[in-house]
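Trainee: I have a structure I would like to understand better, so I am pasting it below and will then ask my questions one at a time.
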Amino acid sequence: MANMSSKEFFFVGISLSNNQNNDSSVCVLDRNKKIVYLDKLYFTSDIELFLEENPYVKNSQIAVSIPHDNTILEGKWRIHCKNYKMMNGVFDINRNDWTKRLSDRCVNILFKMKKTGSTVCRFEVNLLRDAYSIGAHYLQRTSLDCKSLQSALKIKYGFEELPENMLPASSLEAILGAMFIHDRANGLINTKKIYEFGGVDVLNRV
């Protein structure tokens with residue numbers, strides 16, 4: 001058992017999708033870093049209900065991922081234009097928010113939780129994976145990548161209760177977020193604020 005410095009009994013990680021068509025996942029760890037709850041959610045109302053009513057949340061610290069905004073803007077525009085399209089005088093700057101790269105889904109819910117005293121932070125999945133030395137060696141969220149991440153969580157970080165069959169990518173990312181907030185709360189790692197999103201600190205391991 002780790003040397004506990006946190007007064008909370010549970011640590012919640014949420015892998016948040018950018019819309020209800022893709023699954024979000026929630027993982028709850030206890031103070032011994034054991035998974036006590038793992039589930040998928042789809043609708044924003046379900047996520048809000050979980051955060052407001054689930055008994056695990058009442059005595060927990062929470063880490064929520066920041067999803068990328070993959071909105072298709074117009075017929076010829078796709079997500080890659082946000083990364084590679086040069087801006088010049090020909091285009092209306094930021095017309096239809098085409099430079100928006102991060103989704104603001106659940107921003108108001110999480111900011112409200114912070115204002116009412118909950119311990120909540122955000123995290124970037126790719127940065128956190130790199131910080132834990134389990135970065136993607138294959139195309140992210142493919143079956144090979146998920147298998148690699150699940151094996152790392154099971155063998156390197158002691159989640160022996162993970163099944164042999166492959167979990168969804170969102171569930172693995174939720175476990176990662178829960179592990180991060182557990183380790184931070186109990187002084188097992190050092191963290192730093194990398195920026196603020198929607199009034200909530202985005203943290204990463206250093």
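Ligands are numbered from 1 in the order shown, residues from 1 within each chain, and chains are lettered A, B, ... in the order they appear in the structure tokens.
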Pick out the residues sitting within 12 Å of A:Asp130, and hand them over as a PyMOL selection string; count only C-alpha atoms, and ignore anything fewer than 3 positions along from it in its own chain.
Mentor: chain A and resi 124-127+133-137+149+176+204-206
Trainee: Selected residues, N, CA and C atoms, written as a compact mmCIF listing (two decimals), in the first residue's frame, please.
Mentor:
```txt
# COMPACT_ATOMS: atom_id res chain seq x y z
N GLU A 124 -4.32 16.02 -20.57
CA GLU A 124 -4.17 15.69 -21.98
C GLU A 124 -3.70 14.24 -22.07
N VAL A 125 -4.46 13.40 -22.74
CA VAL A 125 -4.17 11.98 -22.78
C VAL A 125 -2.76 11.69 -23.32
N ASN A 126 -2.40 12.30 -24.45
CA ASN A 126 -1.11 12.00 -25.06
C ASN A 126 0.05 12.45 -24.19
N LEU A 127 -0.06 13.64 -23.60
CA LEU A 127 1.00 14.13 -22.73
C LEU A 127 1.15 13.24 -21.50
N SER A 133 5.56 7.12 -19.53
CA SER A 133 6.38 6.26 -20.41
C SER A 133 5.57 5.12 -21.02
N ILE A 134 4.33 5.43 -21.40
CA ILE A 134 3.50 4.46 -22.11
C ILE A 134 2.85 5.15 -23.33
N GLY A 135 3.67 5.99 -23.98
CA GLY A 135 3.19 6.70 -25.16
C GLY A 135 2.84 5.75 -26.29
N ALA A 136 2.09 6.26 -27.25
CA ALA A 136 1.62 5.43 -28.36
C ALA A 136 2.76 5.08 -29.30
N HIS A 137 3.00 3.79 -29.50
CA HIS A 137 3.98 3.31 -30.47
C HIS A 137 3.30 2.90 -31.78
N LEU A 149 -1.27 -0.38 -24.55
CA LEU A 149 -1.61 0.41 -23.37
C LEU A 149 -2.16 -0.47 -22.26
N LEU A 176 -6.02 5.49 -16.82
CA LEU A 176 -4.83 6.34 -16.78
C LEU A 176 -5.09 7.62 -16.00
N ASN A 204 -0.12 17.97 -15.64
CA ASN A 204 0.61 16.83 -16.20
C ASN A 204 1.70 16.41 -15.23
N ARG A 205 2.10 15.17 -15.32
CA ARG A 205 3.19 14.67 -14.50
C ARG A 205 4.53 15.21 -15.00
N VAL A 206 5.42 15.51 -14.07
CA VAL A 206 6.77 15.96 -14.45
C VAL A 206 7.80 14.98 -13.90
```
Trainee: Hey, what does DSSP flag as alpha helix (DSSP H) within chain A? Can you give it to me as an NGL selection string?
Mentor: :A and (44-53 or 80-84 or 107-115 or 125-131 or 143-151 or 169-185)
Trainee: Taking 3 positions as the minimum chain separation for residues in the same chain, which residues sit within 10 Å of stretch 45-61 of chain A when counting only C-alpha atoms? Answer as JSON, numbers by chain.
Mentor: {"A": [6, 7, 8, 9, 10, 11, 12, 13, 14, 16, 20, 24, 25, 26, 28, 29, 30, 31, 36, 37, 40, 41, 42, 106, 109, 110, 113, 118, 119, 120, 121, 178, 181, 182, 184, 185]}
Trainee: Those selected residues, please, written with C-alpha atoms and delivered as an mmCIF file, in the first residue's frame.
Mentor:
```
data_model
loop_
_atom_site.group_PDB
_atom_site.id
_atom_site.type_symbol
_atom_site.label_atom_id
_atom_site.label_comp_id
_atom_site.auth_asym_id
_atom_site.auth_seq_id
_atom_site.Cartn_x
_atom_site.Cartn_y
_atom_site.Cartn_z
ATOM 1 C CA SER A 6 -4.820 12.222 0.760
ATOM 2 C CA LYS A 7 -7.976 12.354 2.840
ATOM 3 C CA GLU A 8 -10.131 11.173 -0.091
ATOM 4 C CA PHE A 9 -11.062 7.517 -0.419
ATOM 5 C CA PHE A 10 -11.686 7.432 -4.193
ATOM 6 C CA PHE A 11 -10.009 8.769 -7.312
ATOM 7 C CA VAL A 12 -12.026 9.266 -10.479
ATOM 8 C CA GLY A 13 -10.692 9.360 -14.021
ATOM 9 C CA ILE A 14 -12.951 10.298 -16.931
ATOM 10 C CA LEU A 16 -14.350 12.407 -22.232
ATOM 11 C CA GLN A 20 -22.436 11.625 -27.525
ATOM 12 C CA SER A 24 -16.813 8.319 -22.723
ATOM 13 C CA SER A 25 -15.573 6.178 -19.851
ATOM 14 C CA VAL A 26 -15.241 6.563 -16.108
ATOM 15 C CA VAL A 28 -12.880 4.834 -9.976
ATOM 16 C CA LEU A 29 -9.862 3.688 -7.960
ATOM 17 C CA ASP A 30 -9.812 3.167 -4.208
ATOM 18 C CA ARG A 31 -6.972 4.233 -1.936
ATOM 19 C CA VAL A 36 -13.800 -0.451 -7.972
ATOM 20 C CA TYR A 37 -15.876 0.930 -10.853
ATOM 21 C CA LYS A 40 -18.989 3.747 -20.300
ATOM 22 C CA LEU A 41 -21.214 6.804 -20.634
ATOM 23 C CA TYR A 42 -22.525 8.503 -23.764
ATOM 24 C CA CYS A 106 -18.799 19.565 -19.973
ATOM 25 C CA ILE A 109 -20.243 21.263 -15.353
ATOM 26 C CA LEU A 110 -16.622 20.901 -14.266
ATOM 27 C CA MET A 113 -17.888 21.538 -9.452
ATOM 28 C CA SER A 118 -14.670 19.707 -5.563
ATOM 29 C CA THR A 119 -11.079 18.791 -6.400
ATOM 30 C CA VAL A 120 -11.115 18.513 -10.178
ATOM 31 C CA CYS A 121 -8.466 18.894 -12.875
ATOM 32 C CA ALA A 178 -7.648 7.846 -12.292
ATOM 33 C CA ILE A 181 -5.061 11.807 -9.829
ATOM 34 C CA HIS A 182 -4.436 9.019 -7.276
ATOM 35 C CA ARG A 184 -0.864 13.185 -7.416
ATOM 36 C CA ALA A 185 -3.171 13.202 -4.378
#
```
Trainee: For the strand (DSSP E or B) assignment from backbone DSSP, which residues of chain A qualify? Please present them as a PyMOL selection string.
Mentor: chain A and resi 10-15+24-30+35-41+60-65+68+102+119-123+191-197+200-205
Trainee: Counting only C-alpha atoms, which residues of stretch 99-174 of chain A sit at most 12 Å from some atom of stretch 187-192 of chain A, and what is each one's closest atom pair with its distance in Å to one decimal, listed by chain and rising residue number, as JSON lines?
Mentor:
```
{"residue": "A:Cys121", "atom": "CA", "partner": "A:Lys192", "partner_atom": "CA", "distance": 11.4}
{"residue": "A:Arg122", "atom": "CA", "partner": "A:Lys192", "partner_atom": "CA", "distance": 11.7}
{"residue": "A:Phe123", "atom": "CA", "partner": "A:Lys192", "partner_atom": "CA", "distance": 10.9}
{"residue": "A:Leu128", "atom": "CA", "partner": "A:Thr191", "partner_atom": "CA", "distance": 10.5}
{"residue": "A:Ala131", "atom": "CA", "partner": "A:Thr191", "partner_atom": "CA", "distance": 10.1}
{"residue": "A:Tyr132", "atom": "CA", "partner": "A:Ile189", "partner_atom": "CA", "distance": 10.3}
```
Trainee: Store the residues picked out above, limited to C-alpha atoms, as a short mmCIF file (atom, residue, chain, number, x, y, z; two decimals), in the first residue's frame.
Mentor:
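Final file, result-v6.cif:
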```cif
data_model
loop_
_atom_site.label_atom_id
_atom_site.label_comp_id
_atom_site.auth_asym_id
_atom_site.auth_seq_id
_atom_site.Cartn_x
_atom_site.Cartn_y
_atom_site.Cartn_z
CA CYS A 121 -8.47 18.89 -12.87
CA ARG A 122 -8.08 18.21 -16.58
CA PHE A 123 -5.42 16.22 -18.43
CA LEU A 128 0.06 11.97 -19.76
CA ALA A 131 4.83 11.23 -18.85
CA TYR A 132 4.12 7.68 -17.66
#
```
Trainee: Would you work out the distance separating atom CA of A:Ser171 from atom CA of A:Glu196, expressed in Å to one decimal?
Mentor: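 About the pair atom CA of A:Ser171 and atom CA of A:Glu196: they are 24.5 Å apart.
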Trainee: Please measure the separation of atom CA of A:Ser170 and atom CA of A:Ser15, giving the value in Å to one decimal.
Mentor: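 Interatomic distance, atom CA of A:Ser170 to atom CA of A:Ser15: 5.5 Å.
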Trainee: Please, what distance in Å, to one decimal, runs between atom CA of A:Lys147 and atom CA of A:Met166?
Mentor: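 Computing the Euclidean distance for atom CA of A:Lys147 and atom CA of A:Met166 yields 6.5 Å.
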Trainee: For A:Ile194, list every protein, DNA or RNA residue within 9 Å, evaluated using only C-alpha atoms, and leave out those in the same chain fewer than 3 positions away; present the list as an mmCIF file with N, CA and C atoms, in the first residue's frame.
Mentor:
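Writing the result to around-v7.cif gives the following:
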```cif
data_model
loop_
_atom_site.group_PDB
_atom_site.id
_atom_site.type_symbol
_atom_site.label_atom_id
_atom_site.label_comp_id
_atom_site.auth_asym_id
_atom_site.auth_seq_id
_atom_site.Cartn_x
_atom_site.Cartn_y
_atom_site.Cartn_z
ATOM 1 N N ASP A 201 -7.680 23.877 -14.036
ATOM 2 C CA ASP A 201 -6.268 23.648 -14.360
ATOM 3 C C ASP A 201 -6.073 22.353 -15.146
ATOM 4 N N VAL A 202 -5.238 22.428 -16.175
ATOM 5 C CA VAL A 202 -4.805 21.241 -16.907
ATOM 6 C C VAL A 202 -3.434 20.866 -16.370
ATOM 7 N N LEU A 203 -3.312 19.668 -15.823
ATOM 8 C CA LEU A 203 -2.095 19.242 -15.147
ATOM 9 C C LEU A 203 -1.412 18.114 -15.901
ATOM 10 N N ASN A 204 -0.121 17.967 -15.642
ATOM 11 C CA ASN A 204 0.607 16.827 -16.200
ATOM 12 C C ASN A 204 1.697 16.414 -15.226
#
```
